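> I have a structure I would like to understand better, so I am pasting it below and will then ask my questions one at a time.
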Number of protein chains: 2
Amino acid sequence: MEAVPEHEITMKTQRKYEARVLVVKAMAHTTRMFIVDELSRAGERCVCDLTEMVGVDISTVSKHLTILKNAGLIDDEKRGNQVFYRLKVPCIMDFFRCVESVIECNATGCKTCSCK
Amino acid sequence: MEAVPEHEITMKTQRKYEARVLVVKAMAHTTRMFIVDELSRAGERCVCDLTEMVGVDISTVSKHLTILKNAGLIDDEKRGNQVFYRLKVPCIMDFFRCVESVIECNATGCKTCSCK
DNA sequence: TTTCTATTTGGCTAAGATACCAAATAGAAA
DNA sequence: TTTCTATTTGGTATCTTAGCCAAATAGAAA
């Protein structure tokens, strides 16, 4: 009989993980994390407001927004000559609750996080 | 009166986002995503089994495990001359449910994800 | 003790991500 | 139409990440 691991990664599951990673990576940057948080709070924001809040070049903010949009996390709408972005995925905030409980765990040193 | 954005990012919120990003980044790689998923399924795995499943160099897997451990997502225990890793944070699986619904949304093109 | 096995660490290279500036675009205002 | 404003896109330099190999470590087996 063969050794323990009965399944290697198939092409199908490989693609599943890649799809997940696209979404997760979109949030794996401080600025983008802020943008998602801010949009969940404010409902919508134009690029110029986000730029002022974040304090980096507007072209940089624009590129961050593109990454979030490609991941399907936000949507945009042009009104006048401003572009407004809004959060497309409210459950992302539940996710942060989970992340926060991980951080809490790390700080307190608890063995298994209860994730309340 | 001043323009719209009343808050720039403070040092404190900046650190909050950095803490989140550490956790999110830990999952932002196909191999690490697989490892987390596999540990949630199997309970625990040694480095050698994970290595066989993933199919990259064992030193690479070891480094991925270090990243997950530093983020507080997994724990390790040495028994005999193997090291076993286990998932420390069960709620991470709820999080994937959220991510999956984003992916679902992206595929179907729905406007606002309901995140069931 | 020496040897073997599992894992980690250091070093290096290749690929990817991020930031800025400058130039292009799109549409509103004049 | 021309001009102005908001945003996006292209280019480039810099930093980070991921991979492999080789060497170090730790402990089990002989």
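Here, A, B, ... name the chains of the structure tokens in the order displayed, residue numbers run from 1 inside each chain, and ligands are numbered from 1 in the same displayed order.
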Using 10 Å as the limit and counting only C-alpha atoms (C1' of nucleotides), can you tabulate each residue of chain D that touches chain B, with its shortest atom-to-atom distance in Å and the two atoms involved, as a tab-separated table?

```
residue	atom	partner	partner_atom	distance
D:DA18	C1'	B:Thr60	CA	7.8
D:DG19	C1'	B:Thr60	CA	6.9
D:DC20	C1'	B:Asp57	CA	7.3
D:DC21	C1'	B:Asp57	CA	9.7
D:DA26	C1'	B:Asn81	CA	8.1
D:DG27	C1'	B:Asn81	CA	6.1
D:DA28	C1'	B:Asn81	CA	6.7
```
> Produce the least-squares-superposed copy of chain A, fitted on chain B over all in-order C-alpha pairs, as a tab-separated table (two decimals) with N, CA and C atoms, in the first residue's frame.

```
chain	number	residue	atom	x	y	z
A	1	MET	N	-15.55	76.63	5.03
A	1	MET	CA	-15.50	75.21	5.46
A	1	MET	C	-14.63	74.37	4.52
A	2	GLU	N	-14.05	73.33	5.10
A	2	GLU	CA	-13.14	72.49	4.32
A	2	GLU	C	-13.88	71.47	3.44
A	3	ALA	N	-13.14	70.85	2.55
A	3	ALA	CA	-13.72	69.88	1.62
A	3	ALA	C	-14.11	68.57	2.32
A	4	VAL	N	-14.57	67.60	1.55
A	4	VAL	CA	-15.22	66.40	2.08
A	4	VAL	C	-14.43	65.55	3.09
A	5	PRO	N	-13.25	65.02	2.76
A	5	PRO	CA	-12.69	63.96	3.61
A	5	PRO	C	-12.23	64.47	4.96
A	6	GLU	N	-13.02	64.22	5.97
A	6	GLU	CA	-12.71	64.76	7.29
A	6	GLU	C	-11.63	63.99	8.02
A	7	HIS	N	-11.36	62.75	7.61
A	7	HIS	CA	-10.27	62.04	8.28
A	7	HIS	C	-9.21	61.52	7.32
A	8	GLU	N	-7.99	61.92	7.62
A	8	GLU	CA	-6.87	61.23	7.00
A	8	GLU	C	-6.57	60.02	7.87
A	9	ILE	N	-5.68	59.15	7.37
A	9	ILE	CA	-5.38	57.94	8.12
A	9	ILE	C	-4.47	58.28	9.29
A	10	THR	N	-4.86	57.92	10.49
A	10	THR	CA	-4.03	58.16	11.66
A	10	THR	C	-3.01	57.03	11.79
A	11	MET	N	-2.06	57.24	12.68
A	11	MET	CA	-1.05	56.21	12.92
A	11	MET	C	-1.70	54.94	13.45
A	12	LYS	N	-2.71	55.15	14.27
A	12	LYS	CA	-3.37	54.01	14.91
A	12	LYS	C	-4.12	53.16	13.88
A	13	THR	N	-4.89	53.81	13.03
A	13	THR	CA	-5.62	53.02	12.04
A	13	THR	C	-4.66	52.43	11.02
A	14	GLN	N	-3.60	53.16	10.72
A	14	GLN	CA	-2.54	52.63	9.86
A	14	GLN	C	-2.05	51.28	10.37
A	15	ARG	N	-1.79	51.23	11.67
A	15	ARG	CA	-1.30	49.98	12.26
A	15	ARG	C	-2.36	48.89	12.21
A	16	LYS	N	-3.62	49.28	12.37
A	16	LYS	CA	-4.71	48.32	12.27
A	16	LYS	C	-4.71	47.65	10.89
A	17	TYR	N	-4.54	48.47	9.86
A	17	TYR	CA	-4.54	47.91	8.52
A	17	TYR	C	-3.33	47.04	8.27
A	18	GLU	N	-2.19	47.43	8.83
A	18	GLU	CA	-0.98	46.63	8.67
A	18	GLU	C	-1.14	45.25	9.31
A	19	ALA	N	-1.78	45.22	10.48
A	19	ALA	CA	-2.03	43.95	11.16
A	19	ALA	C	-2.93	43.04	10.32
A	20	ARG	N	-3.96	43.64	9.76
A	20	ARG	CA	-4.86	42.87	8.90
A	20	ARG	C	-4.12	42.33	7.68
A	21	VAL	N	-3.29	43.20	7.09
A	21	VAL	CA	-2.58	42.82	5.87
A	21	VAL	C	-1.65	41.64	6.11
A	22	LEU	N	-1.03	41.61	7.28
A	22	LEU	CA	-0.15	40.48	7.62
A	22	LEU	C	-0.91	39.16	7.53
A	23	VAL	N	-2.12	39.16	8.06
A	23	VAL	CA	-2.95	37.95	8.05
A	23	VAL	C	-3.41	37.62	6.64
A	24	VAL	N	-3.87	38.64	5.93
A	24	VAL	CA	-4.40	38.42	4.58
A	24	VAL	C	-3.30	37.97	3.63
A	25	LYS	N	-2.15	38.64	3.73
A	25	LYS	CA	-1.02	38.29	2.87
A	25	LYS	C	-0.61	36.83	3.05
A	26	ALA	N	-0.72	36.36	4.28
A	26	ALA	CA	-0.34	34.97	4.55
A	26	ALA	C	-1.13	34.00	3.69
A	27	MET	N	-2.34	34.39	3.34
A	27	MET	CA	-3.17	33.50	2.51
A	27	MET	C	-3.11	33.83	1.03
A	28	ALA	N	-2.32	34.84	0.69
A	28	ALA	CA	-2.31	35.32	-0.69
A	28	ALA	C	-1.31	34.58	-1.57
A	29	HIS	N	-1.33	33.27	-1.50
A	29	HIS	CA	-0.48	32.45	-2.35
A	29	HIS	C	-1.12	31.08	-2.49
A	30	THR	N	-1.13	30.57	-3.72
A	30	THR	CA	-1.84	29.32	-4.00
A	30	THR	C	-1.42	28.19	-3.07
A	31	THR	N	-0.13	28.04	-2.88
A	31	THR	CA	0.36	26.96	-2.03
A	31	THR	C	-0.12	27.11	-0.59
A	32	ARG	N	-0.03	28.34	-0.07
A	32	ARG	CA	-0.46	28.56	1.32
A	32	ARG	C	-1.97	28.40	1.45
A	33	MET	N	-2.68	28.83	0.43
A	33	MET	CA	-4.12	28.64	0.41
A	33	MET	C	-4.45	27.15	0.49
A	34	PHE	N	-3.73	26.36	-0.28
A	34	PHE	CA	-3.93	24.91	-0.25
A	34	PHE	C	-3.63	24.33	1.13
A	35	ILE	N	-2.52	24.76	1.70
A	35	ILE	CA	-2.11	24.23	3.01
A	35	ILE	C	-3.19	24.49	4.06
A	36	VAL	N	-3.70	25.72	4.09
A	36	VAL	CA	-4.75	26.06	5.06
A	36	VAL	C	-5.98	25.18	4.84
A	37	ASP	N	-6.36	25.04	3.60
A	37	ASP	CA	-7.52	24.21	3.24
A	37	ASP	C	-7.29	22.76	3.66
A	38	GLU	N	-6.12	22.26	3.35
A	38	GLU	CA	-5.79	20.86	3.67
A	38	GLU	C	-5.78	20.62	5.18
A	39	LEU	N	-5.23	21.57	5.92
A	39	LEU	CA	-5.18	21.42	7.38
A	39	LEU	C	-6.59	21.48	7.98
A	40	SER	N	-7.45	22.25	7.37
A	40	SER	CA	-8.83	22.32	7.87
A	40	SER	C	-9.54	20.99	7.63
A	41	ARG	N	-9.13	20.29	6.59
A	41	ARG	CA	-9.71	19.00	6.25
A	41	ARG	C	-9.11	17.89	7.10
A	42	ALA	N	-7.79	17.85	7.11
A	42	ALA	CA	-7.10	16.69	7.67
A	42	ALA	C	-6.80	16.83	9.16
A	43	GLY	N	-6.95	18.02	9.70
A	43	GLY	CA	-6.62	18.21	11.11
A	43	GLY	C	-5.17	18.58	11.30
A	44	GLU	N	-4.26	17.69	10.86
A	44	GLU	CA	-2.84	18.03	10.90
A	44	GLU	C	-2.09	17.29	9.81
A	45	ARG	N	-0.94	17.83	9.47
A	45	ARG	CA	-0.09	17.24	8.44
A	45	ARG	C	1.36	17.55	8.76
A	46	CYS	N	2.23	16.60	8.42
A	46	CYS	CA	3.66	16.89	8.57
A	46	CYS	C	4.16	17.58	7.30
A	47	VAL	N	5.32	18.19	7.40
A	47	VAL	CA	5.90	18.94	6.29
A	47	VAL	C	6.10	18.04	5.07
A	48	CYS	N	6.55	16.82	5.32
A	48	CYS	CA	6.85	15.93	4.18
A	48	CYS	C	5.59	15.57	3.40
A	49	ASP	N	4.47	15.34	4.08
A	49	ASP	CA	3.22	15.05	3.36
A	49	ASP	C	2.76	16.25	2.55
A	50	LEU	N	2.80	17.42	3.16
A	50	LEU	CA	2.40	18.63	2.44
A	50	LEU	C	3.28	18.83	1.21
A	51	THR	N	4.57	18.58	1.39
A	51	THR	CA	5.52	18.74	0.29
A	51	THR	C	5.17	17.81	-0.87
A	52	GLU	N	4.83	16.57	-0.53
A	52	GLU	CA	4.49	15.61	-1.59
A	52	GLU	C	3.22	16.05	-2.33
A	53	MET	N	2.26	16.57	-1.57
A	53	MET	CA	1.01	17.00	-2.20
A	53	MET	C	1.19	18.21	-3.09
A	54	VAL	N	2.01	19.14	-2.61
A	54	VAL	CA	2.16	20.40	-3.34
A	54	VAL	C	3.11	20.25	-4.53
A	55	GLY	N	4.15	19.42	-4.34
A	55	GLY	CA	5.06	19.17	-5.45
A	55	GLY	C	6.08	20.26	-5.72
A	56	VAL	N	6.54	20.94	-4.66
A	56	VAL	CA	7.68	21.85	-4.81
A	56	VAL	C	8.73	21.44	-3.79
A	57	ASP	N	9.87	22.12	-3.81
A	57	ASP	CA	10.96	21.79	-2.90
A	57	ASP	C	10.52	21.91	-1.44
A	58	ILE	N	11.02	21.02	-0.60
A	58	ILE	CA	10.60	21.02	0.81
A	58	ILE	C	11.00	22.30	1.52
A	59	SER	N	12.11	22.90	1.10
A	59	SER	CA	12.53	24.16	1.74
A	59	SER	C	11.54	25.27	1.43
A	60	THR	N	10.94	25.20	0.26
A	60	THR	CA	9.92	26.19	-0.12
A	60	THR	C	8.68	26.02	0.75
A	61	VAL	N	8.26	24.77	0.92
A	61	VAL	CA	7.08	24.49	1.76
A	61	VAL	C	7.35	24.95	3.19
A	62	SER	N	8.53	24.67	3.67
A	62	SER	CA	8.90	25.07	5.03
A	62	SER	C	8.76	26.59	5.20
A	63	LYS	N	9.21	27.32	4.19
A	63	LYS	CA	9.12	28.78	4.26
A	63	LYS	C	7.67	29.26	4.21
A	64	HIS	N	6.86	28.60	3.42
A	64	HIS	CA	5.43	28.95	3.40
A	64	HIS	C	4.81	28.72	4.77
A	65	LEU	N	5.18	27.61	5.40
A	65	LEU	CA	4.64	27.30	6.73
A	65	LEU	C	5.06	28.35	7.76
A	66	THR	N	6.29	28.83	7.63
A	66	THR	CA	6.77	29.88	8.52
A	66	THR	C	5.92	31.15	8.39
A	67	ILE	N	5.60	31.49	7.15
A	67	ILE	CA	4.77	32.68	6.90
A	67	ILE	C	3.40	32.53	7.55
A	68	LEU	N	2.79	31.36	7.38
A	68	LEU	CA	1.47	31.10	7.98
A	68	LEU	C	1.55	31.13	9.50
A	69	LYS	N	2.65	30.60	10.03
A	69	LYS	CA	2.82	30.58	11.48
A	69	LYS	C	3.01	31.97	12.04
A	70	ASN	N	3.82	32.78	11.37
A	70	ASN	CA	4.04	34.17	11.80
A	70	ASN	C	2.76	34.99	11.79
A	71	ALA	N	1.87	34.63	10.89
A	71	ALA	CA	0.58	35.34	10.83
A	71	ALA	C	-0.37	34.83	11.90
A	72	GLY	N	0.02	33.76	12.57
A	72	GLY	CA	-0.81	33.23	13.65
A	72	GLY	C	-1.91	32.30	13.16
A	73	LEU	N	-1.80	31.82	11.95
A	73	LEU	CA	-2.86	30.98	11.40
A	73	LEU	C	-2.68	29.51	11.71
A	74	ILE	N	-1.42	29.09	11.91
A	74	ILE	CA	-1.16	27.68	12.20
A	74	ILE	C	-0.19	27.54	13.37
A	75	ASP	N	-0.12	26.33	13.89
A	75	ASP	CA	0.76	25.99	15.00
A	75	ASP	C	1.51	24.72	14.64
A	76	ASP	N	2.68	24.52	15.26
A	76	ASP	CA	3.41	23.29	14.96
A	76	ASP	C	3.76	22.54	16.23
A	77	GLU	N	4.03	21.27	16.03
A	77	GLU	CA	4.42	20.41	17.14
A	77	GLU	C	5.35	19.34	16.59
A	78	LYS	N	6.46	19.15	17.26
A	78	LYS	CA	7.40	18.13	16.80
A	78	LYS	C	7.11	16.80	17.51
A	79	ARG	N	6.99	15.75	16.73
A	79	ARG	CA	6.80	14.40	17.30
A	79	ARG	C	7.70	13.47	16.51
A	80	GLY	N	8.56	12.72	17.22
A	80	GLY	CA	9.55	11.92	16.51
A	80	GLY	C	10.46	12.89	15.78
A	81	ASN	N	10.81	12.58	14.55
A	81	ASN	CA	11.57	13.61	13.83
A	81	ASN	C	10.76	14.28	12.73
A	82	GLN	N	9.45	14.28	12.93
A	82	GLN	CA	8.60	15.03	12.01
A	82	GLN	C	7.99	16.22	12.74
A	83	VAL	N	7.67	17.26	11.98
A	83	VAL	CA	6.97	18.41	12.54
A	83	VAL	C	5.55	18.43	11.95
A	84	PHE	N	4.57	18.46	12.85
A	84	PHE	CA	3.18	18.48	12.41
A	84	PHE	C	2.60	19.87	12.56
A	85	TYR	N	1.91	20.29	11.53
A	85	TYR	CA	1.25	21.60	11.57
A	85	TYR	C	-0.25	21.42	11.65
A	86	ARG	N	-0.89	22.32	12.41
A	86	ARG	CA	-2.35	22.28	12.47
A	86	ARG	C	-2.91	23.70	12.37
A	87	LEU	N	-4.16	23.78	11.92
A	87	LEU	CA	-4.82	25.07	11.79
A	87	LEU	C	-5.20	25.58	13.17
A	88	LYS	N	-4.88	26.85	13.42
A	88	LYS	CA	-5.13	27.42	14.73
A	88	LYS	C	-6.46	28.17	14.74
A	89	VAL	N	-6.94	28.51	13.56
A	89	VAL	CA	-8.04	29.45	13.42
A	89	VAL	C	-9.16	28.90	12.56
A	90	PRO	N	-10.12	28.20	13.18
A	90	PRO	CA	-11.18	27.57	12.39
A	90	PRO	C	-12.03	28.57	11.60
A	91	CYS	N	-12.20	29.78	12.10
A	91	CYS	CA	-13.09	30.73	11.41
A	91	CYS	C	-12.57	31.11	10.04
A	92	ILE	N	-11.32	30.75	9.78
A	92	ILE	CA	-10.78	31.05	8.47
A	92	ILE	C	-11.61	30.39	7.37
A	93	MET	N	-12.29	29.32	7.70
A	93	MET	CA	-13.11	28.64	6.70
A	93	MET	C	-14.39	29.42	6.37
A	94	ASP	N	-14.93	30.13	7.36
A	94	ASP	CA	-16.07	31.02	7.08
A	94	ASP	C	-15.64	32.09	6.10
A	95	PHE	N	-14.43	32.54	6.33
A	95	PHE	CA	-13.87	33.55	5.46
A	95	PHE	C	-13.85	33.07	4.02
A	96	PHE	N	-13.47	31.83	3.82
A	96	PHE	CA	-13.43	31.30	2.46
A	96	PHE	C	-14.83	31.23	1.86
A	97	ARG	N	-15.80	30.94	2.71
A	97	ARG	CA	-17.18	30.95	2.21
A	97	ARG	C	-17.49	32.33	1.63
A	98	CYS	N	-17.04	33.35	2.32
A	98	CYS	CA	-17.23	34.72	1.82
A	98	CYS	C	-16.50	34.92	0.50
A	99	VAL	N	-15.25	34.48	0.46
A	99	VAL	CA	-14.46	34.63	-0.77
A	99	VAL	C	-15.12	33.88	-1.92
A	100	GLU	N	-15.62	32.68	-1.63
A	100	GLU	CA	-16.28	31.90	-2.68
A	100	GLU	C	-17.49	32.65	-3.23
A	101	SER	N	-18.20	33.33	-2.35
A	101	SER	CA	-19.40	34.04	-2.83
A	101	SER	C	-19.01	35.24	-3.69
A	102	VAL	N	-17.85	35.80	-3.41
A	102	VAL	CA	-17.33	36.86	-4.28
A	102	VAL	C	-17.04	36.28	-5.66
A	103	ILE	N	-16.38	35.14	-5.67
A	103	ILE	CA	-16.04	34.49	-6.93
A	103	ILE	C	-17.30	34.15	-7.72
A	104	GLU	N	-18.28	33.60	-7.00
A	104	GLU	CA	-19.60	33.29	-7.59
A	104	GLU	C	-20.20	34.55	-8.24
A	105	CYS	N	-20.20	35.63	-7.46
A	105	CYS	CA	-20.67	36.93	-7.96
A	105	CYS	C	-19.96	37.32	-9.24
A	106	ASN	N	-18.67	37.21	-9.22
A	106	ASN	CA	-17.88	37.61	-10.39
A	106	ASN	C	-18.29	36.78	-11.61
A	107	ALA	N	-18.54	35.50	-11.38
A	107	ALA	CA	-18.89	34.61	-12.49
A	107	ALA	C	-20.27	34.91	-13.04
A	108	THR	N	-21.23	35.13	-12.16
A	108	THR	CA	-22.61	35.35	-12.61
A	108	THR	C	-22.88	36.80	-12.98
A	109	GLY	N	-21.99	37.70	-12.52
A	109	GLY	CA	-22.16	39.11	-12.86
A	109	GLY	C	-23.22	39.82	-12.05
A	110	CYS	N	-23.54	39.29	-10.87
A	110	CYS	CA	-24.56	39.93	-10.05
A	110	CYS	C	-24.05	41.27	-9.51
A	111	LYS	N	-24.97	42.19	-9.29
A	111	LYS	CA	-24.60	43.56	-8.94
A	111	LYS	C	-24.08	43.67	-7.51
A	112	THR	N	-24.83	43.13	-6.58
A	112	THR	CA	-24.40	43.15	-5.18
A	112	THR	C	-24.52	41.76	-4.59
A	113	CYS	N	-23.38	41.31	-4.11
A	113	CYS	CA	-23.29	39.94	-3.61
A	113	CYS	C	-24.06	39.80	-2.30
A	114	SER	N	-24.85	38.74	-2.21
A	114	SER	CA	-25.68	38.56	-1.00
A	114	SER	C	-24.95	37.77	0.08
A	115	CYS	N	-23.87	37.10	-0.28
A	115	CYS	CA	-22.98	36.47	0.69
A	115	CYS	C	-23.66	35.46	1.60
A	116	LYS	N	-24.44	34.57	1.01
A	116	LYS	CA	-25.11	33.55	1.84
A	116	LYS	C	-24.12	32.49	2.28
```
> So how far away is C1' of DA14 in chain C from C1' of DG10 in chain D, in Å?
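These two atoms are separated by 23.2 Å.
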> From chain B, collect each residue whose DSSP state is helix (DSSP H, G or I) and return the set as an MDAnalysis selection string.
chainID B and resid 11:26 30:42 47:54 58:70 92:108
> Please identify every residue of chain C that has at least one atom no more than 9 Å from any atom of chain B, counting only C-alpha atoms (C1' of nucleotides), and report them as a ChimeraX atom specification.
/C:5-9
> Could those selected residues go to a file with N, CA and C atoms (P, O5', C5', C4', C3', O3' and C1' of nucleotides), as a compact mmCIF listing (two decimals), in the first residue's frame?

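Output saved as out.txt:
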```
# COMPACT_ATOMS: atom_id res chain seq x y z
P DT C 5 17.64 7.26 5.48
O5' DT C 5 16.42 8.00 6.18
C5' DT C 5 16.18 7.90 7.57
C4' DT C 5 15.27 9.06 7.97
C3' DT C 5 14.65 9.82 6.81
O3' DT C 5 13.29 10.05 7.09
C1' DT C 5 15.86 11.31 8.19
P DA C 6 12.35 11.03 6.25
O5' DA C 6 12.30 12.33 7.16
C5' DA C 6 11.65 12.28 8.43
C4' DA C 6 11.56 13.69 8.96
C3' DA C 6 10.89 14.67 7.99
O3' DA C 6 9.94 15.44 8.72
C1' DA C 6 13.07 15.44 8.54
P DT C 7 9.07 16.58 8.01
O5' DT C 7 9.98 17.85 8.27
C5' DT C 7 10.27 18.21 9.62
C4' DT C 7 11.27 19.34 9.68
C3' DT C 7 10.86 20.59 8.93
O3' DT C 7 10.53 21.57 9.90
C1' DT C 7 13.17 20.10 8.70
P DT C 8 10.13 23.06 9.48
O5' DT C 8 11.55 23.80 9.53
C5' DT C 8 12.30 23.76 10.73
C4' DT C 8 13.62 24.51 10.54
C3' DT C 8 13.48 25.96 10.06
O3' DT C 8 14.24 26.76 10.95
C1' DT C 8 15.01 24.80 8.70
P DT C 9 14.24 28.34 10.83
O5' DT C 9 15.57 28.63 9.98
C5' DT C 9 16.81 28.21 10.50
C4' DT C 9 17.93 28.59 9.53
C3' DT C 9 17.84 30.02 8.99
O3' DT C 9 19.14 30.60 9.14
C1' DT C 9 18.09 28.49 7.22
```
> As a list of chain:residue names, which residues of chain B does DSSP assign to strand (DSSP E or B)?
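Selecting the strand (DSSP E or B) positions of chain B gives B:Glu44, B:Arg45, B:Cys46, B:Ile74, B:Asp75, B:Asp76, B:Glu77, B:Lys78, B:Arg79, B:Gln82, B:Val83, B:Phe84, B:Tyr85, B:Arg86, B:Leu87.
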> Write the residues you've just listed into a file as a PDB file, in the first residue's frame, and include N, CA and C atoms for each of them.

```
ATOM      1  N   GLU B  44      -4.271  17.696  10.854  1.00  0.00           N
ATOM      2  CA  GLU B  44      -2.847  18.031  10.893  1.00  0.00           C
ATOM      3  C   GLU B  44      -2.101  17.284   9.800  1.00  0.00           C
ATOM      4  N   ARG B  45      -0.947  17.830   9.461  1.00  0.00           N
ATOM      5  CA  ARG B  45      -0.103  17.247   8.431  1.00  0.00           C
ATOM      6  C   ARG B  45       1.349  17.547   8.759  1.00  0.00           C
ATOM      7  N   CYS B  46       2.227  16.605   8.411  1.00  0.00           N
ATOM      8  CA  CYS B  46       3.654  16.897   8.556  1.00  0.00           C
ATOM      9  C   CYS B  46       4.149  17.580   7.291  1.00  0.00           C
ATOM     10  N   ILE B  74      -1.421  29.089  11.913  1.00  0.00           N
ATOM     11  CA  ILE B  74      -1.158  27.678  12.201  1.00  0.00           C
ATOM     12  C   ILE B  74      -0.190  27.529  13.377  1.00  0.00           C
ATOM     13  N   ASP B  75      -0.132  26.316  13.907  1.00  0.00           N
ATOM     14  CA  ASP B  75       0.756  25.965  15.008  1.00  0.00           C
ATOM     15  C   ASP B  75       1.506  24.701  14.647  1.00  0.00           C
ATOM     16  N   ASP B  76       2.672  24.493  15.261  1.00  0.00           N
ATOM     17  CA  ASP B  76       3.407  23.275  14.951  1.00  0.00           C
ATOM     18  C   ASP B  76       3.764  22.496  16.216  1.00  0.00           C
ATOM     19  N   GLU B  77       4.013  21.216  16.037  1.00  0.00           N
ATOM     20  CA  GLU B  77       4.397  20.348  17.148  1.00  0.00           C
ATOM     21  C   GLU B  77       5.331  19.287  16.594  1.00  0.00           C
ATOM     22  N   LYS B  78       6.447  19.088  17.246  1.00  0.00           N
ATOM     23  CA  LYS B  78       7.387  18.075  16.785  1.00  0.00           C
ATOM     24  C   LYS B  78       7.087  16.754  17.493  1.00  0.00           C
ATOM     25  N   ARG B  79       6.974  15.681  16.719  1.00  0.00           N
ATOM     26  CA  ARG B  79       6.803  14.337  17.285  1.00  0.00           C
ATOM     27  C   ARG B  79       7.700  13.400  16.495  1.00  0.00           C
ATOM     28  N   GLN B  82       9.416  14.240  12.910  1.00  0.00           N
ATOM     29  CA  GLN B  82       8.569  15.003  12.001  1.00  0.00           C
ATOM     30  C   GLN B  82       7.964  16.195  12.729  1.00  0.00           C
ATOM     31  N   VAL B  83       7.641  17.238  11.970  1.00  0.00           N
ATOM     32  CA  VAL B  83       6.944  18.390  12.538  1.00  0.00           C
ATOM     33  C   VAL B  83       5.534  18.416  11.951  1.00  0.00           C
ATOM     34  N   PHE B  84       4.556  18.430  12.829  1.00  0.00           N
ATOM     35  CA  PHE B  84       3.161  18.455  12.388  1.00  0.00           C
ATOM     36  C   PHE B  84       2.584  19.849  12.553  1.00  0.00           C
ATOM     37  N   TYR B  85       1.893  20.273  11.513  1.00  0.00           N
ATOM     38  CA  TYR B  85       1.242  21.588  11.565  1.00  0.00           C
ATOM     39  C   TYR B  85      -0.268  21.405  11.654  1.00  0.00           C
ATOM     40  N   ARG B  86      -0.895  22.287  12.405  1.00  0.00           N
ATOM     41  CA  ARG B  86      -2.356  22.254  12.489  1.00  0.00           C
ATOM     42  C   ARG B  86      -2.919  23.663  12.375  1.00  0.00           C
ATOM     43  N   LEU B  87      -4.159  23.771  11.929  1.00  0.00           N
ATOM     44  CA  LEU B  87      -4.825  25.070  11.790  1.00  0.00           C
ATOM     45  C   LEU B  87      -5.194  25.581  13.176  1.00  0.00           C
TER      46      LEU B  87
END
```
> Can you tell me, as a PyMOL selection string, what residues are no more than 12 Å from DT16 in chain D when counting only C-alpha atoms (C1' of nucleotides), ignoring any on the same chain fewer than 3 positions away?
chain C and resi 15-18
> Any idea what the distance is between C1' of DA24 in chain C and C1' of DT3 in chain D?
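So the two atoms, C1' of DA24 in chain C and C1' of DT3 in chain D, lie 16.2 Å apart.
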